[in-house]
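**Student:** Here you go, this is input20.cif (mmCIF, C-alpha atoms and all ligand atoms).
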```cif
data_upload
#
loop_
_atom_site.label_atom_id
_atom_site.label_comp_id
_atom_site.auth_asym_id
_atom_site.auth_seq_id
_atom_site.Cartn_x
_atom_site.Cartn_y
_atom_site.Cartn_z
CA MET A 1 -42.57 -2.03 -15.18
CA LYS A 2 -39.30 -0.71 -16.39
CA LEU A 3 -38.14 -0.25 -12.82
CA ARG A 4 -39.04 -3.81 -11.94
CA ARG A 5 -36.99 -5.14 -14.81
CA VAL A 6 -34.02 -3.06 -13.68
CA SER A 7 -34.22 -4.37 -10.15
CA ALA A 8 -34.53 -7.97 -11.37
CA CYS A 9 -31.48 -7.31 -13.44
CA LEU A 10 -29.68 -6.01 -10.35
CA VAL A 11 -30.42 -9.21 -8.46
CA VAL A 12 -28.81 -11.26 -11.22
CA LEU A 13 -25.87 -8.90 -11.29
CA ALA A 14 -25.40 -9.04 -7.54
CA ALA A 15 -25.30 -12.80 -7.76
CA SER A 16 -22.64 -12.75 -10.44
CA GLY A 17 -20.30 -10.50 -8.52
CA VAL A 18 -19.21 -6.98 -8.08
CA ALA A 19 -17.34 -6.54 -11.36
CA LEU A 20 -20.50 -6.30 -13.42
CA PHE A 21 -21.98 -3.79 -11.09
CA ALA A 22 -18.86 -1.66 -11.27
CA LEU A 23 -18.88 -1.80 -15.05
CA MET A 24 -22.51 -0.80 -15.16
CA GLU A 25 -21.87 2.10 -12.83
CA THR A 26 -19.02 3.46 -14.88
CA GLY A 27 -21.12 3.31 -18.03
CA LEU A 28 -19.02 0.55 -19.58
CA PHE A 29 -21.81 -1.97 -19.25
CA ALA A 30 -22.60 -1.82 -22.93
CA LEU A 31 -19.16 -3.23 -23.71
CA ALA A 32 -19.36 -6.07 -21.21
CA PRO A 33 -21.46 -8.72 -23.03
CA ALA A 34 -19.19 -8.89 -26.08
CA GLN A 35 -16.10 -9.13 -23.93
CA ALA A 36 -17.72 -11.71 -21.73
CA GLN A 37 -18.01 -13.98 -24.76
CA SER A 38 -14.24 -14.10 -25.10
CA ASN A 39 -13.84 -15.11 -21.45
CA ALA A 40 -13.00 -18.77 -20.95
CA ASN A 41 -16.02 -19.20 -18.70
CA GLY A 42 -18.32 -17.29 -20.97
CA ARG A 43 -18.94 -14.61 -18.37
CA VAL A 44 -17.41 -11.46 -16.99
CA PRO A 45 -14.95 -12.30 -14.19
CA THR A 46 -15.66 -11.32 -10.62
CA ILE A 47 -13.47 -8.79 -8.90
CA GLU A 48 -11.32 -11.59 -7.42
CA GLU A 49 -11.01 -13.46 -10.69
CA TYR A 50 -9.81 -10.49 -12.67
CA GLN A 51 -6.03 -10.60 -12.14
CA PRO A 52 -4.41 -9.15 -15.25
CA ASN A 53 -0.72 -9.78 -15.76
CA SER A 54 1.10 -6.52 -16.24
CA THR A 55 2.95 -6.25 -19.55
CA LEU A 56 5.01 -3.35 -18.24
CA VAL A 57 8.74 -3.81 -18.61
CA THR A 58 10.86 -1.64 -16.31
CA PRO A 59 13.96 -2.30 -14.17
CA GLU A 60 13.25 -4.50 -11.16
CA HIS A 61 15.17 -4.74 -7.91
CA LYS A 62 14.11 -7.16 -5.24
CA PRO A 63 16.22 -6.70 -2.12
CA GLU A 64 15.91 -9.70 0.19
CA ARG A 65 17.79 -7.98 3.00
CA ALA A 66 17.53 -4.42 4.23
CA ARG A 67 20.43 -2.22 3.11
CA TYR A 68 21.13 -1.33 6.75
CA PRO A 69 20.38 -3.23 9.92
CA PHE A 70 16.98 -2.19 11.19
CA VAL A 71 14.62 -2.16 14.14
CA ASP A 72 11.07 -3.44 13.68
CA ILE A 73 9.19 -1.25 16.15
CA HIS A 74 5.86 -3.02 15.59
CA SER A 75 5.71 -6.81 15.93
CA HIS A 76 3.53 -9.25 17.84
CA HIS A 77 4.61 -12.49 19.51
CA TRP A 78 2.23 -13.69 22.22
CA ASN A 79 3.74 -15.95 24.88
CA PRO A 80 6.58 -17.04 22.61
CA THR A 81 8.37 -20.34 23.27
CA ALA A 82 12.15 -20.70 23.32
CA GLN A 83 11.96 -22.62 20.06
CA HIS A 84 9.94 -19.87 18.38
CA VAL A 85 12.45 -17.28 19.54
CA ASP A 86 15.43 -19.31 18.28
CA GLU A 87 13.85 -19.61 14.85
CA LEU A 88 12.93 -15.96 14.91
CA VAL A 89 16.54 -14.91 15.45
CA LYS A 90 17.68 -16.98 12.48
CA GLU A 91 15.03 -15.39 10.28
CA MET A 92 15.87 -11.93 11.57
CA ASP A 93 19.51 -12.48 10.63
CA SER A 94 18.50 -13.46 7.11
CA ILE A 95 16.90 -10.05 6.41
CA ASN A 96 19.18 -7.78 8.49
CA LEU A 97 16.57 -7.26 11.21
CA ARG A 98 18.80 -6.48 14.17
CA VAL A 99 16.25 -5.71 16.90
CA LEU A 100 12.60 -6.72 17.01
CA VAL A 101 10.14 -4.97 19.31
CA ASN A 102 7.48 -7.33 20.64
CA LEU A 103 4.51 -5.12 21.46
CA SER A 104 2.54 -7.99 23.00
CA GLY A 105 4.35 -8.39 26.29
CA GLY A 106 1.32 -8.20 28.56
CA THR A 107 1.82 -7.21 32.17
CA GLY A 108 2.93 -8.79 35.45
CA GLU A 109 3.87 -12.46 35.35
CA SER A 110 3.19 -13.08 31.65
CA LEU A 111 5.39 -10.11 30.76
CA LYS A 112 8.19 -11.54 32.89
CA LYS A 113 7.94 -14.86 31.03
CA THR A 114 8.09 -13.16 27.63
CA LEU A 115 11.05 -11.06 28.74
CA ALA A 116 12.88 -14.14 29.99
CA VAL A 117 12.39 -16.11 26.81
CA MET A 118 13.28 -13.19 24.51
CA ARG A 119 15.62 -10.72 26.19
CA GLY A 120 16.85 -13.25 28.71
CA ARG A 121 18.23 -15.43 25.94
CA TYR A 122 19.10 -12.80 23.33
CA PRO A 123 19.69 -9.63 25.34
CA ASN A 124 20.54 -7.43 22.35
CA ARG A 125 17.98 -8.66 19.82
CA PHE A 126 14.66 -7.96 21.48
CA VAL A 127 12.69 -5.21 23.12
CA VAL A 128 9.40 -5.99 24.87
CA PHE A 129 6.62 -3.47 25.45
CA ALA A 130 4.13 -3.86 28.29
CA ASN A 131 0.34 -3.68 27.91
CA LEU A 132 -2.32 -2.45 30.31
CA SER A 133 -4.69 -4.77 32.09
CA TYR A 134 -8.25 -3.38 32.15
CA ASP A 135 -9.50 -6.00 34.60
CA ASP A 136 -9.98 -3.46 37.39
CA LEU A 137 -11.12 -0.60 35.16
CA ASN A 138 -14.34 -0.22 37.13
CA THR A 139 -12.72 -0.02 40.54
CA PRO A 140 -12.05 3.62 41.56
CA GLY A 141 -8.40 4.69 41.22
CA TYR A 142 -7.78 2.56 38.12
CA GLY A 143 -5.43 5.00 36.36
CA LYS A 144 -3.09 5.32 39.33
CA ARG A 145 -2.96 1.56 39.82
CA ALA A 146 -2.31 0.95 36.13
CA ALA A 147 0.54 3.48 36.27
CA GLU A 148 2.05 1.70 39.27
CA ARG A 149 1.82 -1.68 37.55
CA LEU A 150 3.51 -0.19 34.50
CA GLU A 151 6.31 1.14 36.66
CA GLN A 152 6.87 -2.37 37.99
CA ASP A 153 6.73 -3.80 34.45
CA VAL A 154 9.45 -1.34 33.40
CA ARG A 155 11.54 -2.32 36.42
CA ASN A 156 11.15 -5.90 35.18
CA GLY A 157 12.52 -4.95 31.77
CA ALA A 158 9.71 -3.52 29.61
CA GLN A 159 10.97 -0.65 27.44
CA GLY A 160 7.69 0.87 26.30
CA LEU A 161 3.92 0.66 26.49
CA LYS A 162 1.63 -0.57 23.70
CA ILE A 163 -2.04 0.36 23.63
CA PHE A 164 -4.21 -1.89 21.47
CA LYS A 165 -7.01 -0.75 19.24
CA ASN A 166 -9.86 -1.65 21.56
CA TYR A 167 -8.88 1.49 23.47
CA GLY A 168 -11.21 4.29 22.36
CA MET A 169 -13.49 1.96 20.39
CA ASP A 170 -14.57 -1.21 22.20
CA LEU A 171 -13.33 -0.63 25.73
CA LYS A 172 -16.27 0.38 27.93
CA TYR A 173 -17.02 1.02 31.56
CA ALA A 174 -19.48 -1.26 33.32
CA ASN A 175 -22.19 1.39 32.79
CA GLY A 176 -21.75 1.01 29.04
CA GLU A 177 -19.95 4.30 28.55
CA ARG A 178 -17.13 4.16 26.02
CA VAL A 179 -13.65 4.95 27.31
CA HIS A 180 -12.71 8.08 25.37
CA VAL A 181 -9.15 8.28 24.07
CA ASP A 182 -8.49 11.39 26.19
CA ASP A 183 -10.26 10.02 29.28
CA PRO A 184 -8.61 11.76 32.28
CA GLU A 185 -8.68 8.44 34.16
CA PHE A 186 -5.69 7.41 32.03
CA ASP A 187 -3.70 10.62 32.60
CA PRO A 188 -1.53 9.03 35.34
CA VAL A 189 -0.50 6.33 32.85
CA TRP A 190 0.67 8.79 30.18
CA GLU A 191 2.40 10.92 32.79
CA LYS A 192 4.15 7.84 34.17
CA CYS A 193 5.46 7.11 30.67
CA ALA A 194 6.94 10.62 30.52
CA GLU A 195 8.54 10.12 33.92
CA LEU A 196 9.99 6.74 32.91
CA LYS A 197 10.96 8.17 29.49
CA ILE A 198 9.30 5.27 27.69
CA PRO A 199 7.32 5.71 24.47
CA VAL A 200 3.66 4.80 24.08
CA LEU A 201 2.98 3.00 20.81
CA ILE A 202 -0.72 3.52 20.35
CA HIS A 203 -3.26 2.24 17.85
CA ILE A 204 -6.22 4.61 17.69
CA ALA A 205 -9.12 4.18 15.26
CA GLU A 206 -8.76 2.24 12.01
CA PRO A 207 -8.50 3.14 8.32
CA SER A 208 -11.15 5.80 7.75
CA ALA A 209 -12.77 3.65 5.04
CA PHE A 210 -13.83 1.16 7.75
CA PHE A 211 -16.07 3.89 9.19
CA ASP A 212 -17.63 4.69 5.81
CA SER A 213 -20.54 2.79 4.36
CA TRP A 214 -19.72 -0.59 2.92
CA ASP A 215 -20.58 0.00 -0.69
CA TYR A 216 -18.90 -0.37 -4.05
CA HIS A 217 -17.21 3.00 -3.68
CA ASN A 218 -15.39 1.96 -0.53
CA GLU A 219 -11.72 1.17 -1.23
CA ARG A 220 -11.61 -1.41 1.59
CA TRP A 221 -14.72 -3.20 0.30
CA GLU A 222 -12.85 -6.46 -0.17
CA GLU A 223 -11.36 -6.45 3.32
CA MET A 224 -14.69 -5.74 4.98
CA ARG A 225 -16.26 -8.57 3.06
CA GLU A 226 -13.51 -10.93 4.18
CA PHE A 227 -13.60 -9.61 7.76
CA PRO A 228 -17.03 -8.04 8.36
CA GLN A 229 -16.10 -7.41 12.00
CA ARG A 230 -13.58 -4.82 10.83
CA ALA A 231 -16.34 -2.49 9.69
CA ARG A 232 -17.02 0.37 12.11
CA PRO A 233 -20.65 1.32 11.45
CA PRO A 234 -21.99 4.46 13.15
CA SER A 235 -24.58 2.36 14.97
CA ARG A 236 -21.83 0.84 17.09
CA TYR A 237 -18.80 3.13 16.81
CA PRO A 238 -17.97 6.81 17.07
CA PRO A 239 -16.95 8.43 13.77
CA PHE A 240 -13.30 8.38 12.69
CA GLU A 241 -13.07 12.13 13.21
CA THR A 242 -14.27 11.86 16.82
CA LEU A 243 -11.60 9.29 17.68
CA VAL A 244 -8.90 11.32 15.97
CA ALA A 245 -9.96 14.50 17.77
CA GLU A 246 -9.86 12.70 21.14
CA ARG A 247 -6.44 11.32 20.25
CA ASP A 248 -5.07 14.74 19.38
CA SER A 249 -6.42 16.20 22.61
CA MET A 250 -4.57 13.44 24.50
CA PHE A 251 -1.36 14.22 22.58
CA ALA A 252 -1.75 17.91 23.48
CA LYS A 253 -2.49 17.21 27.13
CA HIS A 254 0.73 15.19 27.59
CA PRO A 255 3.47 17.05 25.75
CA ARG A 256 6.26 15.36 27.73
CA THR A 257 5.09 11.87 26.70
CA ASN A 258 6.35 10.46 23.41
CA PHE A 259 3.61 8.80 21.39
CA ILE A 260 4.22 6.59 18.37
CA ALA A 261 0.93 6.58 16.50
CA ALA A 262 0.73 3.18 14.80
CA HIS A 263 0.07 2.79 11.08
CA LEU A 264 0.90 6.39 10.07
CA ALA A 265 -1.79 7.46 12.54
CA PHE A 266 -4.24 6.31 9.82
CA HIS A 267 -3.45 9.47 7.86
CA GLY A 268 -1.36 7.65 5.26
CA ASN A 269 -3.98 8.62 2.68
CA ASP A 270 -3.56 12.30 3.59
CA LEU A 271 0.09 13.04 4.28
CA ALA A 272 -0.49 16.79 4.46
CA ARG A 273 -2.78 16.14 7.39
CA LEU A 274 -0.19 13.94 9.06
CA GLY A 275 2.36 16.72 8.53
CA LYS A 276 0.07 19.13 10.35
CA LEU A 277 -0.25 16.65 13.20
CA PHE A 278 3.55 16.50 13.46
CA ASP A 279 3.84 20.29 13.27
CA SER A 280 1.41 20.87 16.11
CA HIS A 281 2.57 17.95 18.34
CA PRO A 282 6.37 17.61 18.60
CA ASN A 283 5.89 14.59 20.87
CA VAL A 284 4.25 12.50 18.12
CA TYR A 285 5.91 9.90 15.90
CA VAL A 286 4.49 7.22 13.60
CA ASP A 287 5.34 3.76 12.32
CA ILE A 288 4.68 2.52 8.78
CA ALA A 289 3.47 -0.92 9.81
CA ALA A 290 0.88 -2.47 7.49
CA VAL A 291 0.30 0.81 5.65
CA LEU A 292 3.05 0.55 3.04
CA ALA A 293 0.44 0.50 0.29
CA GLU A 294 -0.60 4.02 1.28
CA LEU A 295 2.93 5.34 0.72
CA GLY A 296 3.47 3.17 -2.33
CA ARG A 297 0.52 4.58 -4.21
CA GLN A 298 1.86 8.15 -3.92
CA PRO A 299 5.63 7.77 -4.42
CA TYR A 300 6.39 11.45 -5.02
CA SER A 301 4.41 12.62 -2.00
CA ALA A 302 5.75 9.78 0.15
CA HIS A 303 9.33 10.58 -0.75
CA ASP A 304 8.99 14.28 0.00
CA PHE A 305 7.06 13.61 3.19
CA LEU A 306 9.66 11.17 4.52
CA VAL A 307 12.47 13.57 3.74
CA LYS A 308 10.66 16.43 5.46
CA TYR A 309 9.63 14.41 8.53
CA GLN A 310 12.62 12.05 8.60
CA ASP A 311 12.94 12.35 12.39
CA ARG A 312 9.36 11.25 13.05
CA VAL A 313 8.88 7.98 11.15
CA LEU A 314 9.85 4.45 12.23
CA MET A 315 10.08 1.13 10.44
CA GLY A 316 7.52 -1.45 11.51
CA LYS A 317 5.78 -4.44 9.98
CA ASP A 318 2.96 -5.61 12.32
CA ILE A 319 1.93 -9.23 11.56
CA TYR A 320 5.20 -11.13 11.54
CA ASP A 321 6.18 -12.94 8.34
CA VAL A 322 9.82 -12.94 7.38
CA ASN A 323 8.93 -13.09 3.68
CA GLU A 324 6.87 -9.90 3.67
CA TYR A 325 9.54 -7.41 4.76
CA ARG A 326 11.03 -7.38 1.29
CA TRP A 327 8.18 -5.16 0.05
CA TYR A 328 9.23 -2.56 2.60
CA PHE A 329 12.86 -2.76 1.46
CA ARG A 330 11.85 -2.46 -2.17
CA ALA A 331 9.55 0.51 -1.58
CA LEU A 332 11.97 2.39 0.67
CA GLU A 333 15.20 1.59 -1.18
CA THR A 334 14.32 1.45 -4.89
CA ARG A 335 12.43 3.35 -7.58
CA ASP A 336 10.77 0.23 -8.96
CA GLU A 337 7.43 0.94 -10.53
CA TYR A 338 4.00 -0.58 -10.45
CA PHE A 339 4.70 -3.76 -8.51
CA GLU A 340 2.23 -5.91 -6.66
CA TYR A 341 1.65 -5.49 -2.95
CA TYR A 342 1.67 -8.47 -0.62
CA ARG A 343 -1.82 -8.14 0.81
CA LYS A 344 -4.60 -7.71 -1.66
CA ARG A 345 -7.26 -6.75 0.86
CA HIS A 346 -5.26 -3.69 1.90
CA ALA A 347 -4.75 -2.51 -1.63
CA PHE A 348 -6.21 -3.55 -4.94
CA TRP A 349 -3.65 -1.23 -6.51
CA ARG A 350 0.02 -1.80 -7.27
CA ILE A 351 2.71 0.24 -5.59
CA TYR A 352 5.85 2.20 -6.48
CA GLY A 353 9.22 2.57 -4.80
CA PHE A 354 9.90 6.00 -3.36
CA GLN A 355 13.62 5.54 -2.63
CA VAL A 356 14.56 7.80 0.23
CA PRO A 357 18.13 9.11 0.62
CA ASP A 358 20.45 6.92 2.68
CA GLU A 359 20.57 9.26 5.67
CA VAL A 360 16.75 9.24 5.79
CA LEU A 361 16.67 5.47 5.38
CA LYS A 362 18.95 5.03 8.41
CA LYS A 363 16.71 7.24 10.52
CA ILE A 364 13.62 5.25 9.57
CA TYR A 365 15.39 1.89 9.90
CA TYR A 366 16.94 2.48 13.32
CA GLU A 367 18.14 5.93 14.39
CA ASN A 368 14.71 7.26 15.37
CA ALA A 369 13.95 4.11 17.35
CA LEU A 370 17.28 4.35 19.17
CA LYS A 371 16.35 7.85 20.33
CA LEU A 372 12.87 6.91 21.53
CA VAL A 373 13.29 3.56 23.26
CA PRO A 374 15.35 3.68 26.47
CA GLY A 375 18.15 1.13 26.55
CA LEU A 376 17.85 0.27 22.87
CA GLU A 377 20.92 2.23 21.86
CA LYS A 378 23.03 0.19 24.26
CA GLN A 379 21.61 -3.06 22.87
CA TRP A 380 22.23 -1.84 19.34
CA ARG A 381 25.82 -0.82 19.97
CA ALA A 382 26.53 -4.14 21.70
CA GLY A 383 25.45 -5.88 18.48
CA GLY A 384 25.41 -9.66 18.10
CA ASN A 385 23.17 -11.66 20.35
ZN ZN B 1 -0.06 -4.27 15.60
#
```
Could you write out this structure as structure tokens?

**Tutor:**
Amino acid sequence: MKLRRVSACLVVLAASGVALFALMETGLFALAPAQAQSNANGRVPTIEEYQPNSTLVTPEHKPERARYPFVDIHSHHWNPTAQHVDELVKEMDSINLRVLVNLSGGTGESLKKTLAVMRGRYPNRFVVFANLSYDDLNTPGYGKRAAERLEQDVRNGAQGLKIFKNYGMDLKYANGERVHVDDPEFDPVWEKCAELKIPVLIHIAEPSAFFDSWDYHNERWEEMREFPQRARPPSRYPPFETLVAERDSMFAKHPRTNFIAAHLAFHGNDLARLGKLFDSHPNVYVDIAAVLAELGRQPYSAHDFLVKYQDRVLMGKDIYDVNEYRWYFRALETRDEYFEYYRKRHAFWRIYGFQVPDEVLKKIYYENALKLVPGLEKQWRAGGN
């Protein structure tokens, strides 16, 4: 009887949103009804509705331009038009973004088109990375052919290789077998990158929370509700740890190949672990694209980590929006406290600036990229368009 009443109560609660449930779980439920009365709607707000204004007063700095010119190593522009590229350059100028790396170059003819419209018209402002075609994955000798195509793409002007996140997770052979991250079929590709001295910017796995159960203790609950396809349930995906272990075995197998693990290698929530990865694989680098909230919630650790591993971290943004870079500038360049992040679904928390020393800032903004991407230094030094 009692149980039945509790479960009926749960149904009502579920209907009225997650906030109530969270309150109940933390034992604060007893306080809720009285407070609900004072709410304009006469009820406890849902998790989305509850947006308290901070009363904190501390110094604020909101840089609109980066302190130094920078390279964005992680951007996406599919089949850009000349008009898009012209506008892009103007926006880049407005925030001190000197060189943008378009990771979505494709391969073959479409790559050539993207190169022509970007590098062809602004030779010093853009870098384009090639991608692999998996169309002939099931025909024997795939890896060797893919390596040959990449070589041609580099002759055509590509300056790196980007591997998208379907690799290791959704990419499968015709027999249904998942392509493992360290699949030897791909060895010729990684070895070709070493030979051509081009970096591989690689997205493996996803935030570990996407692999955990989608419950009210999951810190990406909101994002998985908004985009249910981002969840990585064990029924359809290997565990996070499996993917990461395969990735590390690939890093170890190809020590001459430089890998830039996208998004802090998804260890932004465990920087000590990322440090160990760096220590055991000198050929591994990371970008900070779309994971700023991880650094911003641990400003002391982030600062010390970036100082210690200043040669291994690169500036990147991912989804292009000229108005969102300023959060990166503010976090990297200032000690501002407790400010809102630009993408709620990544972080329901506020972030803090971790102000790295200028010499570290320059490495993250451009020096590390200049070392890794062939030809970039020349473009950089030439300056202008
Ligand atoms: Zn990306």

**Student:** So which one's closest to A:Phe329, A:Leu88, A:Ile204, A:Ile95, A:Ile351? Using all atoms listed in the file, please.

**Tutor:** A:Ile95

**Student:** One decimal, in Å: what's the spacing between atom CA of A:Pro238 and atom CA of A:Glu206?

**Tutor:**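 Taking atom CA of A:Pro238 as the start and atom CA of A:Glu206 as the end point, the length is 11.5 Å.
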
**Student:** Could you give me, as a count of residues only, the residues that have an atom at most 6 Å away from the point (-14.4, 5.5, 18.0) in the coordinates of the file, using only C-alpha atoms?

**Tutor:** 6

**Student:** Ligand ZN 1 (chain B): which residues are within 7 Å, counting all atoms listed in the file, as an MDAnalysis selection string?

**Tutor:** chainID A and resid 74:76 318:319

**Student:** In terms of the shortest atom-to-atom distance over all atoms listed in the file, which of A:Arg312, A:Arg43, A:Lys197, A:His84 is closest to A:Gly160?

**Tutor:**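 Among the listed residues, the smallest separation from A:Gly160 belongs to A:Lys197.
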
**Student:** With all atoms listed in the file as the counted atoms, please give the residues lying no more than 12 Å from A:Asp93, apart from itself and same-chain residues fewer than 3 positions off, as a PyMOL selection string.

**Tutor:** chain A and resi 64-66+68-71+86-90+96-100+125+322+383-385

**Student:** With a distance cut-off of 10 Å and only C-alpha atoms, select the neighbouring residues of A:Glu294, excluding the residue or stretch itself and same-chain residues fewer than 4 positions from it, and output the selection as a list of chain:residue names.

**Tutor:**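 In the requested format, the answer is A:His263, A:Leu264, A:Phe266, A:His267, A:Gly268, A:Asn269, A:Asp270, A:Leu271, A:Ile288, A:Ala290, A:Gln298, A:Pro299, A:Ala302, A:His346, A:Ala347, A:Trp349, A:Ile351.
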
**Student:** Could you please determine the separation between atom CA of A:Leu292 and atom CA of A:Tyr328 in Å, to one decimal place?

**Tutor:**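 Between atom CA of A:Leu292 and atom CA of A:Tyr328 the gap is 6.9 Å.
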
**Student:** Could you give me, as a list of chain:residue names, the residues within 8 Å of A:Pro80, counting all atoms listed in the file and dropping anything in the same chain fewer than 5 positions from it?

**Tutor:**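 Once the nearby chain positions are removed, what remains is A:Val85, A:Thr114, A:Val117, A:Met118.
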
**Student:** Can I get stretch 376-383 of chain A with all heavy atoms filled in, as a short mmCIF file (atom, residue, chain, number, x, y, z; two decimals), in the frame of the given file?

**Tutor:**
```
data_model
loop_
_atom_site.label_atom_id
_atom_site.label_comp_id
_atom_site.auth_asym_id
_atom_site.auth_seq_id
_atom_site.Cartn_x
_atom_site.Cartn_y
_atom_site.Cartn_z
N LEU A 376 17.68 0.90 24.18
CA LEU A 376 17.85 0.27 22.87
C LEU A 376 19.21 0.60 22.26
O LEU A 376 19.83 -0.25 21.62
CB LEU A 376 16.70 0.70 21.94
CG LEU A 376 16.76 0.22 20.49
CD1 LEU A 376 16.88 -1.29 20.39
CD2 LEU A 376 15.52 0.69 19.71
N GLU A 377 19.64 1.83 22.46
CA GLU A 377 20.92 2.23 21.86
C GLU A 377 22.06 1.33 22.37
O GLU A 377 22.92 0.89 21.60
CB GLU A 377 21.22 3.70 22.17
CG GLU A 377 22.52 4.16 21.55
CD GLU A 377 22.52 5.62 21.12
OE1 GLU A 377 21.66 6.39 21.60
OE2 GLU A 377 23.38 5.97 20.29
N LYS A 378 22.01 1.04 23.66
CA LYS A 378 23.03 0.19 24.26
C LYS A 378 22.98 -1.22 23.64
O LYS A 378 24.01 -1.80 23.30
CB LYS A 378 22.78 0.10 25.78
CG LYS A 378 24.02 -0.16 26.58
CD LYS A 378 23.73 -0.01 28.07
CE LYS A 378 24.68 -0.89 28.86
NZ LYS A 378 24.12 -1.25 30.17
N GLN A 379 21.77 -1.74 23.48
CA GLN A 379 21.61 -3.06 22.87
C GLN A 379 22.16 -3.06 21.44
O GLN A 379 22.83 -3.98 21.01
CB GLN A 379 20.13 -3.46 22.82
CG GLN A 379 19.51 -3.73 24.18
CD GLN A 379 17.98 -3.87 24.05
OE1 GLN A 379 17.27 -2.88 23.88
NE2 GLN A 379 17.47 -5.08 24.14
N TRP A 380 21.83 -1.98 20.74
CA TRP A 380 22.23 -1.84 19.34
C TRP A 380 23.75 -1.81 19.22
O TRP A 380 24.33 -2.51 18.37
CB TRP A 380 21.61 -0.56 18.77
CG TRP A 380 21.85 -0.33 17.32
CD1 TRP A 380 22.85 0.38 16.74
CD2 TRP A 380 21.04 -0.82 16.25
NE1 TRP A 380 22.73 0.37 15.38
CE2 TRP A 380 21.62 -0.35 15.05
CE3 TRP A 380 19.88 -1.60 16.19
CZ2 TRP A 380 21.08 -0.65 13.80
CZ3 TRP A 380 19.35 -1.89 14.93
CH2 TRP A 380 19.95 -1.42 13.76
N ARG A 381 24.36 -0.97 20.04
CA ARG A 381 25.82 -0.82 19.97
C ARG A 381 26.51 -2.13 20.34
O ARG A 381 27.56 -2.46 19.80
CB ARG A 381 26.30 0.28 20.92
CG ARG A 381 25.69 1.65 20.65
CD ARG A 381 26.27 2.35 19.41
NE ARG A 381 25.46 3.52 19.07
CZ ARG A 381 25.01 3.80 17.84
NH1 ARG A 381 25.25 2.98 16.84
NH2 ARG A 381 24.29 4.88 17.61
N ALA A 382 25.91 -2.87 21.28
CA ALA A 382 26.53 -4.14 21.70
C ALA A 382 26.53 -5.14 20.55
O ALA A 382 27.42 -5.98 20.44
CB ALA A 382 25.81 -4.71 22.90
N GLY A 383 25.51 -5.01 19.66
CA GLY A 383 25.45 -5.88 18.48
C GLY A 383 25.33 -7.36 18.85
O GLY A 383 25.19 -7.70 20.02
#
```
